[in-house]
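Here's start.txt, which has compact mmCIF, N, CA and C atoms:
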```
# COMPACT_ATOMS: atom_id res chain seq x y z
N MET A 1 10.74 13.47 -2.08
CA MET A 1 9.55 12.70 -2.38
C MET A 1 8.34 13.62 -2.33
N SER A 2 7.50 13.52 -3.35
CA SER A 2 6.30 14.34 -3.33
C SER A 2 5.24 13.67 -2.47
N ALA A 3 4.32 14.47 -2.00
CA ALA A 3 3.26 13.96 -1.14
C ALA A 3 2.19 13.28 -1.99
N GLN A 4 1.94 12.03 -1.70
CA GLN A 4 0.91 11.25 -2.38
C GLN A 4 -0.21 10.98 -1.38
N LEU A 5 -1.35 11.59 -1.60
CA LEU A 5 -2.51 11.38 -0.73
C LEU A 5 -3.50 10.46 -1.42
N VAL A 6 -4.04 9.52 -0.66
CA VAL A 6 -5.13 8.67 -1.14
C VAL A 6 -6.27 8.83 -0.17
N LEU A 7 -7.42 9.23 -0.70
CA LEU A 7 -8.63 9.40 0.10
C LEU A 7 -9.61 8.29 -0.28
N TYR A 8 -9.89 7.42 0.69
CA TYR A 8 -10.83 6.34 0.47
C TYR A 8 -12.23 6.84 0.85
N THR A 9 -13.16 6.71 -0.09
CA THR A 9 -14.50 7.26 0.06
C THR A 9 -15.53 6.28 -0.48
N ARG A 10 -16.77 6.71 -0.44
CA ARG A 10 -17.85 6.00 -1.15
C ARG A 10 -18.96 7.01 -1.43
N PRO A 11 -19.73 6.78 -2.47
CA PRO A 11 -20.81 7.70 -2.81
C PRO A 11 -21.80 7.86 -1.65
N GLY A 12 -22.26 9.09 -1.46
CA GLY A 12 -23.25 9.38 -0.44
C GLY A 12 -22.67 9.57 0.96
N CYS A 13 -21.37 9.53 1.10
CA CYS A 13 -20.72 9.69 2.41
C CYS A 13 -20.46 11.17 2.63
N HIS A 14 -21.25 11.80 3.51
CA HIS A 14 -21.09 13.23 3.73
C HIS A 14 -19.76 13.56 4.40
N LEU A 15 -19.25 12.68 5.25
CA LEU A 15 -17.94 12.92 5.86
C LEU A 15 -16.83 12.87 4.80
N CYS A 16 -17.00 12.01 3.81
CA CYS A 16 -16.03 11.91 2.72
C CYS A 16 -16.03 13.20 1.90
N GLU A 17 -17.22 13.70 1.60
CA GLU A 17 -17.34 14.94 0.85
C GLU A 17 -16.71 16.10 1.61
N GLN A 18 -16.92 16.13 2.92
CA GLN A 18 -16.34 17.18 3.75
C GLN A 18 -14.81 17.07 3.76
N ALA A 19 -14.29 15.86 3.87
CA ALA A 19 -12.84 15.66 3.87
C ALA A 19 -12.24 16.14 2.54
N LEU A 20 -12.90 15.82 1.44
CA LEU A 20 -12.41 16.25 0.13
C LEU A 20 -12.40 17.77 0.03
N GLU A 21 -13.46 18.42 0.53
CA GLU A 21 -13.51 19.89 0.52
C GLU A 21 -12.36 20.48 1.33
N GLU A 22 -12.06 19.86 2.47
CA GLU A 22 -10.97 20.37 3.31
C GLU A 22 -9.61 20.17 2.64
N LEU A 23 -9.45 19.08 1.91
CA LEU A 23 -8.20 18.87 1.17
C LEU A 23 -8.07 19.87 0.03
N VAL A 24 -9.17 20.18 -0.62
CA VAL A 24 -9.16 21.21 -1.68
C VAL A 24 -8.74 22.55 -1.08
N GLU A 25 -9.23 22.85 0.11
CA GLU A 25 -8.85 24.10 0.79
C GLU A 25 -7.35 24.12 1.09
N LEU A 26 -6.80 23.01 1.55
CA LEU A 26 -5.35 22.95 1.80
C LEU A 26 -4.57 23.19 0.50
N HIS A 27 -5.07 22.63 -0.58
CA HIS A 27 -4.45 22.84 -1.89
C HIS A 27 -4.47 24.32 -2.26
N ARG A 28 -5.59 24.98 -2.04
CA ARG A 28 -5.71 26.42 -2.34
C ARG A 28 -4.74 27.25 -1.51
N GLU A 29 -4.44 26.77 -0.31
CA GLU A 29 -3.51 27.49 0.57
C GLU A 29 -2.06 27.31 0.12
N GLY A 30 -1.82 26.40 -0.80
CA GLY A 30 -0.47 26.23 -1.33
C GLY A 30 0.20 24.91 -1.00
N TYR A 31 -0.50 24.02 -0.33
CA TYR A 31 0.08 22.70 -0.09
C TYR A 31 0.12 21.92 -1.40
N GLU A 32 1.25 21.29 -1.66
CA GLU A 32 1.42 20.54 -2.90
C GLU A 32 1.32 19.05 -2.61
N PHE A 33 0.40 18.40 -3.32
CA PHE A 33 0.24 16.96 -3.17
C PHE A 33 -0.52 16.42 -4.36
N GLU A 34 -0.33 15.14 -4.60
CA GLU A 34 -1.11 14.45 -5.61
C GLU A 34 -2.20 13.70 -4.85
N LEU A 35 -3.43 13.90 -5.25
CA LEU A 35 -4.56 13.30 -4.56
C LEU A 35 -5.25 12.28 -5.44
N HIS A 36 -5.43 11.09 -4.89
CA HIS A 36 -6.18 10.03 -5.56
C HIS A 36 -7.38 9.72 -4.68
N GLU A 37 -8.55 9.71 -5.27
CA GLU A 37 -9.77 9.34 -4.56
C GLU A 37 -10.15 7.93 -4.97
N VAL A 38 -10.31 7.05 -4.00
CA VAL A 38 -10.64 5.66 -4.28
C VAL A 38 -12.00 5.33 -3.68
N ASP A 39 -12.90 4.87 -4.52
CA ASP A 39 -14.24 4.46 -4.11
C ASP A 39 -14.14 3.04 -3.54
N ILE A 40 -14.38 2.88 -2.24
CA ILE A 40 -14.25 1.57 -1.62
C ILE A 40 -15.29 0.58 -2.12
N ASP A 41 -16.37 1.05 -2.73
CA ASP A 41 -17.38 0.16 -3.29
C ASP A 41 -16.84 -0.61 -4.50
N SER A 42 -15.69 -0.16 -5.03
CA SER A 42 -15.13 -0.79 -6.22
C SER A 42 -14.42 -2.11 -5.90
N ASP A 43 -14.21 -2.40 -4.62
CA ASP A 43 -13.45 -3.59 -4.24
C ASP A 43 -14.02 -4.15 -2.94
N ASP A 44 -14.42 -5.42 -2.97
CA ASP A 44 -15.03 -6.03 -1.77
C ASP A 44 -14.11 -5.99 -0.56
N GLY A 45 -12.81 -6.19 -0.77
CA GLY A 45 -11.86 -6.16 0.33
C GLY A 45 -11.76 -4.78 0.95
N LEU A 46 -11.70 -3.75 0.11
CA LEU A 46 -11.68 -2.38 0.61
C LEU A 46 -12.97 -2.06 1.36
N LEU A 47 -14.07 -2.49 0.81
CA LEU A 47 -15.37 -2.21 1.43
C LEU A 47 -15.42 -2.82 2.83
N ARG A 48 -15.01 -4.08 2.95
CA ARG A 48 -15.03 -4.74 4.27
C ARG A 48 -14.06 -4.08 5.24
N ALA A 49 -12.88 -3.72 4.75
CA ALA A 49 -11.84 -3.17 5.63
C ALA A 49 -12.11 -1.73 6.06
N MET A 50 -12.80 -0.96 5.22
CA MET A 50 -12.87 0.48 5.48
C MET A 50 -14.26 1.04 5.68
N LEU A 51 -15.29 0.25 5.53
CA LEU A 51 -16.65 0.78 5.58
C LEU A 51 -16.92 1.58 6.84
N GLU A 52 -16.49 1.13 7.98
CA GLU A 52 -16.76 1.81 9.24
C GLU A 52 -15.71 2.87 9.58
N ARG A 53 -14.74 3.09 8.68
CA ARG A 53 -13.63 4.00 8.98
C ARG A 53 -13.58 5.21 8.05
N ILE A 54 -14.33 5.17 6.93
CA ILE A 54 -14.19 6.24 5.94
C ILE A 54 -14.71 7.57 6.46
N PRO A 55 -14.16 8.65 5.98
CA PRO A 55 -13.07 8.72 5.03
C PRO A 55 -11.73 8.34 5.67
N VAL A 56 -10.94 7.61 4.92
CA VAL A 56 -9.59 7.26 5.35
C VAL A 56 -8.63 7.99 4.43
N LEU A 57 -7.64 8.66 5.03
CA LEU A 57 -6.65 9.39 4.26
C LEU A 57 -5.28 8.79 4.53
N GLU A 58 -4.59 8.46 3.45
CA GLU A 58 -3.22 7.95 3.53
C GLU A 58 -2.28 8.97 2.93
N LEU A 59 -1.12 9.11 3.54
CA LEU A 59 -0.04 9.95 3.02
C LEU A 59 1.15 9.04 2.75
N ASN A 60 1.52 8.93 1.48
CA ASN A 60 2.64 8.08 1.07
C ASN A 60 2.52 6.67 1.66
N GLY A 61 1.29 6.13 1.64
CA GLY A 61 1.04 4.77 2.07
C GLY A 61 0.75 4.57 3.54
N GLU A 62 0.80 5.62 4.34
CA GLU A 62 0.55 5.52 5.77
C GLU A 62 -0.77 6.21 6.12
N THR A 63 -1.64 5.53 6.86
CA THR A 63 -2.91 6.12 7.27
C THR A 63 -2.64 7.25 8.25
N ILE A 64 -3.16 8.44 7.90
CA ILE A 64 -2.97 9.60 8.78
C ILE A 64 -4.27 10.17 9.31
N SER A 65 -5.41 9.67 8.80
CA SER A 65 -6.69 10.20 9.26
C SER A 65 -7.79 9.19 8.96
N GLU A 66 -8.73 9.08 9.90
CA GLU A 66 -9.91 8.22 9.73
C GLU A 66 -11.12 8.94 10.31
N LEU A 67 -12.28 8.67 9.75
CA LEU A 67 -13.58 9.16 10.19
C LEU A 67 -13.79 10.66 9.99
N THR A 68 -12.94 11.48 10.51
CA THR A 68 -13.01 12.91 10.26
C THR A 68 -11.60 13.40 9.95
N LEU A 69 -11.51 14.41 9.13
CA LEU A 69 -10.22 14.95 8.74
C LEU A 69 -9.80 16.02 9.74
N ASP A 70 -8.70 15.76 10.40
CA ASP A 70 -8.12 16.73 11.33
C ASP A 70 -7.12 17.57 10.56
N GLN A 71 -7.56 18.78 10.13
CA GLN A 71 -6.71 19.62 9.28
C GLN A 71 -5.38 19.95 9.93
N THR A 72 -5.37 20.18 11.22
CA THR A 72 -4.12 20.52 11.91
C THR A 72 -3.13 19.37 11.79
N SER A 73 -3.59 18.18 12.02
CA SER A 73 -2.74 17.00 11.92
C SER A 73 -2.28 16.76 10.48
N VAL A 74 -3.19 16.91 9.53
CA VAL A 74 -2.83 16.71 8.13
C VAL A 74 -1.81 17.75 7.69
N ARG A 75 -2.00 19.00 8.09
CA ARG A 75 -1.02 20.05 7.78
C ARG A 75 0.36 19.68 8.32
N ALA A 76 0.39 19.24 9.58
CA ALA A 76 1.67 18.88 10.20
C ALA A 76 2.34 17.74 9.43
N ARG A 77 1.56 16.76 9.03
CA ARG A 77 2.14 15.63 8.29
C ARG A 77 2.61 16.06 6.91
N LEU A 78 1.85 16.92 6.24
CA LEU A 78 2.29 17.43 4.94
C LEU A 78 3.57 18.26 5.08
N ASP A 79 3.67 19.01 6.17
CA ASP A 79 4.89 19.79 6.42
C ASP A 79 6.11 18.88 6.53
N THR A 80 5.95 17.70 7.12
CA THR A 80 7.09 16.80 7.31
C THR A 80 7.61 16.23 6.00
N VAL A 81 6.79 16.22 4.96
CA VAL A 81 7.25 15.71 3.66
C VAL A 81 7.52 16.84 2.67
N GLY A 82 7.53 18.07 3.17
CA GLY A 82 7.86 19.21 2.32
C GLY A 82 6.79 19.62 1.35
N ALA A 83 5.54 19.35 1.67
CA ALA A 83 4.44 19.70 0.76
C ALA A 83 3.94 21.12 0.96
N ASP A 84 4.48 21.83 1.95
CA ASP A 84 4.04 23.19 2.23
C ASP A 84 4.84 24.16 1.38
N ASP A 85 4.17 24.80 0.43
CA ASP A 85 4.83 25.77 -0.42
C ASP A 85 4.06 27.08 -0.40
N ARG A 86 3.60 27.45 0.78
CA ARG A 86 2.82 28.69 0.90
C ARG A 86 3.70 29.92 0.79
N SER A 87 5.02 29.75 0.71
CA SER A 87 5.92 30.89 0.61
C SER A 87 5.82 31.58 -0.75
N GLY A 88 5.21 30.87 -1.71
CA GLY A 88 5.02 31.49 -3.02
C GLY A 88 6.02 31.02 -4.06
N SER A 89 6.90 30.10 -3.73
CA SER A 89 7.89 29.66 -4.70
C SER A 89 7.33 28.69 -5.72
N GLY A 90 6.12 28.25 -5.54
CA GLY A 90 5.53 27.36 -6.51
C GLY A 90 4.04 27.26 -6.33
N GLY A 91 3.63 27.35 -5.10
CA GLY A 91 2.21 27.34 -4.78
C GLY A 91 1.50 26.12 -5.32
N ALA A 92 0.24 26.29 -5.59
CA ALA A 92 -0.60 25.17 -6.00
C ALA A 92 -0.30 24.70 -7.41
N ARG A 93 0.54 25.41 -8.13
CA ARG A 93 0.84 24.97 -9.49
C ARG A 93 1.46 23.58 -9.50
N GLY A 94 2.15 23.19 -8.44
CA GLY A 94 2.80 21.90 -8.40
C GLY A 94 1.88 20.76 -8.01
N ALA A 95 0.67 21.04 -7.63
CA ALA A 95 -0.24 19.99 -7.20
C ALA A 95 -0.84 19.29 -8.41
N ARG A 96 -1.05 17.99 -8.25
CA ARG A 96 -1.71 17.22 -9.29
C ARG A 96 -2.87 16.50 -8.64
N TRP A 97 -3.97 16.45 -9.36
CA TRP A 97 -5.17 15.82 -8.84
C TRP A 97 -5.54 14.64 -9.74
N ALA A 98 -5.90 13.56 -9.14
CA ALA A 98 -6.31 12.39 -9.90
C ALA A 98 -7.51 11.78 -9.22
N ASP A 99 -8.34 11.14 -10.00
CA ASP A 99 -9.51 10.48 -9.46
C ASP A 99 -9.41 9.00 -9.86
N ARG A 100 -9.31 8.13 -8.86
CA ARG A 100 -9.17 6.72 -9.14
C ARG A 100 -10.42 5.96 -8.75
N ARG A 101 -11.56 6.55 -8.96
CA ARG A 101 -12.80 5.82 -8.68
C ARG A 101 -12.87 4.68 -9.68
N ARG A 102 -13.15 3.50 -9.18
CA ARG A 102 -13.17 2.33 -10.06
C ARG A 102 -14.56 1.97 -10.46
```

Before anything else, please render the file you have as structure tokens.
Amino acid sequence: MSAQLVLYTRPGCHLCEQALEELVELHREGYEFELHEVDIDSDDGLLRAMLERIPVLELNGETISELTLDQTSVRARLDTVGADDRSGSGGARGARWADRRR
């Protein structure tokens, strides 16, 4: 199974921007994952549920980070799903990026 990350954000959220930058850095290091960014302002239910928690990061449907991105924890979770390809056998070429802002 490939790593599917969903980052819940909203415009003007500096913590969200920082989390995205840190995920980009993980990608540069060779972690392979598909990233979807979801703007919580696009859905009233998401806005109510996540406004005080963003940025929220999910890995394959499970919340793994809220408020601030703990890179050590995210690395460990990506390692458990085989997203670490820093050995050079594929590197970042296998990563796909998507933006699902609504």

Of A:Ser73, A:Gln4, A:Asn60, A:Thr68, the one sitting nearest A:His36 when using all atoms listed in the file is A:Gln4

Near-stretch 16-27 of chain A list (6.5 Å; all atoms listed in the file; drop same-chain fewer than 6 positions) as a VMD selection string: chain A and resid 9 to 10 54 to 55 69 92

Would you mind writing down, as an NGL selection string, each residue of chain A that DSSP on the backbone assigns to alpha helix (DSSP H)? :A and (14-28 or 44-50 or 71-80)

Interatomic distance between atom C of A:Asp43 and atom C of A:Leu67? 19.7 Å

When you count all atoms listed in the file, which of these residues is closest to A:Asp39: A:Val74, A:Leu57, A:Val81, A:Leu7? A:Leu7

Report, in Å to a single decimal, how far apart atom CA of A:Gly61 and atom CA of A:Arg77 are. 12.6 Å

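Going from atom CA of A:Leu78 to atom CA of A:Leu15 covers 20.7 Å.
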
Report as an MDAnalysis selection string all protein, DNA and RNA residues lying within 10 Å of A:Glu52, evaluated on only C-alpha atoms, omitting residues in the same chain fewer than 4 positions from it. chainID A and resid 47:48 56 66:67

Which residue out of A:His14, A:Ser65, A:Ala49, A:Leu5 has the minimum interatomic distance to A:Phe33 when only C-alpha atoms are used?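 Nearest candidate to A:Phe33 out of A:His14, A:Ser65, A:Ala49, A:Leu5: A:Leu5.
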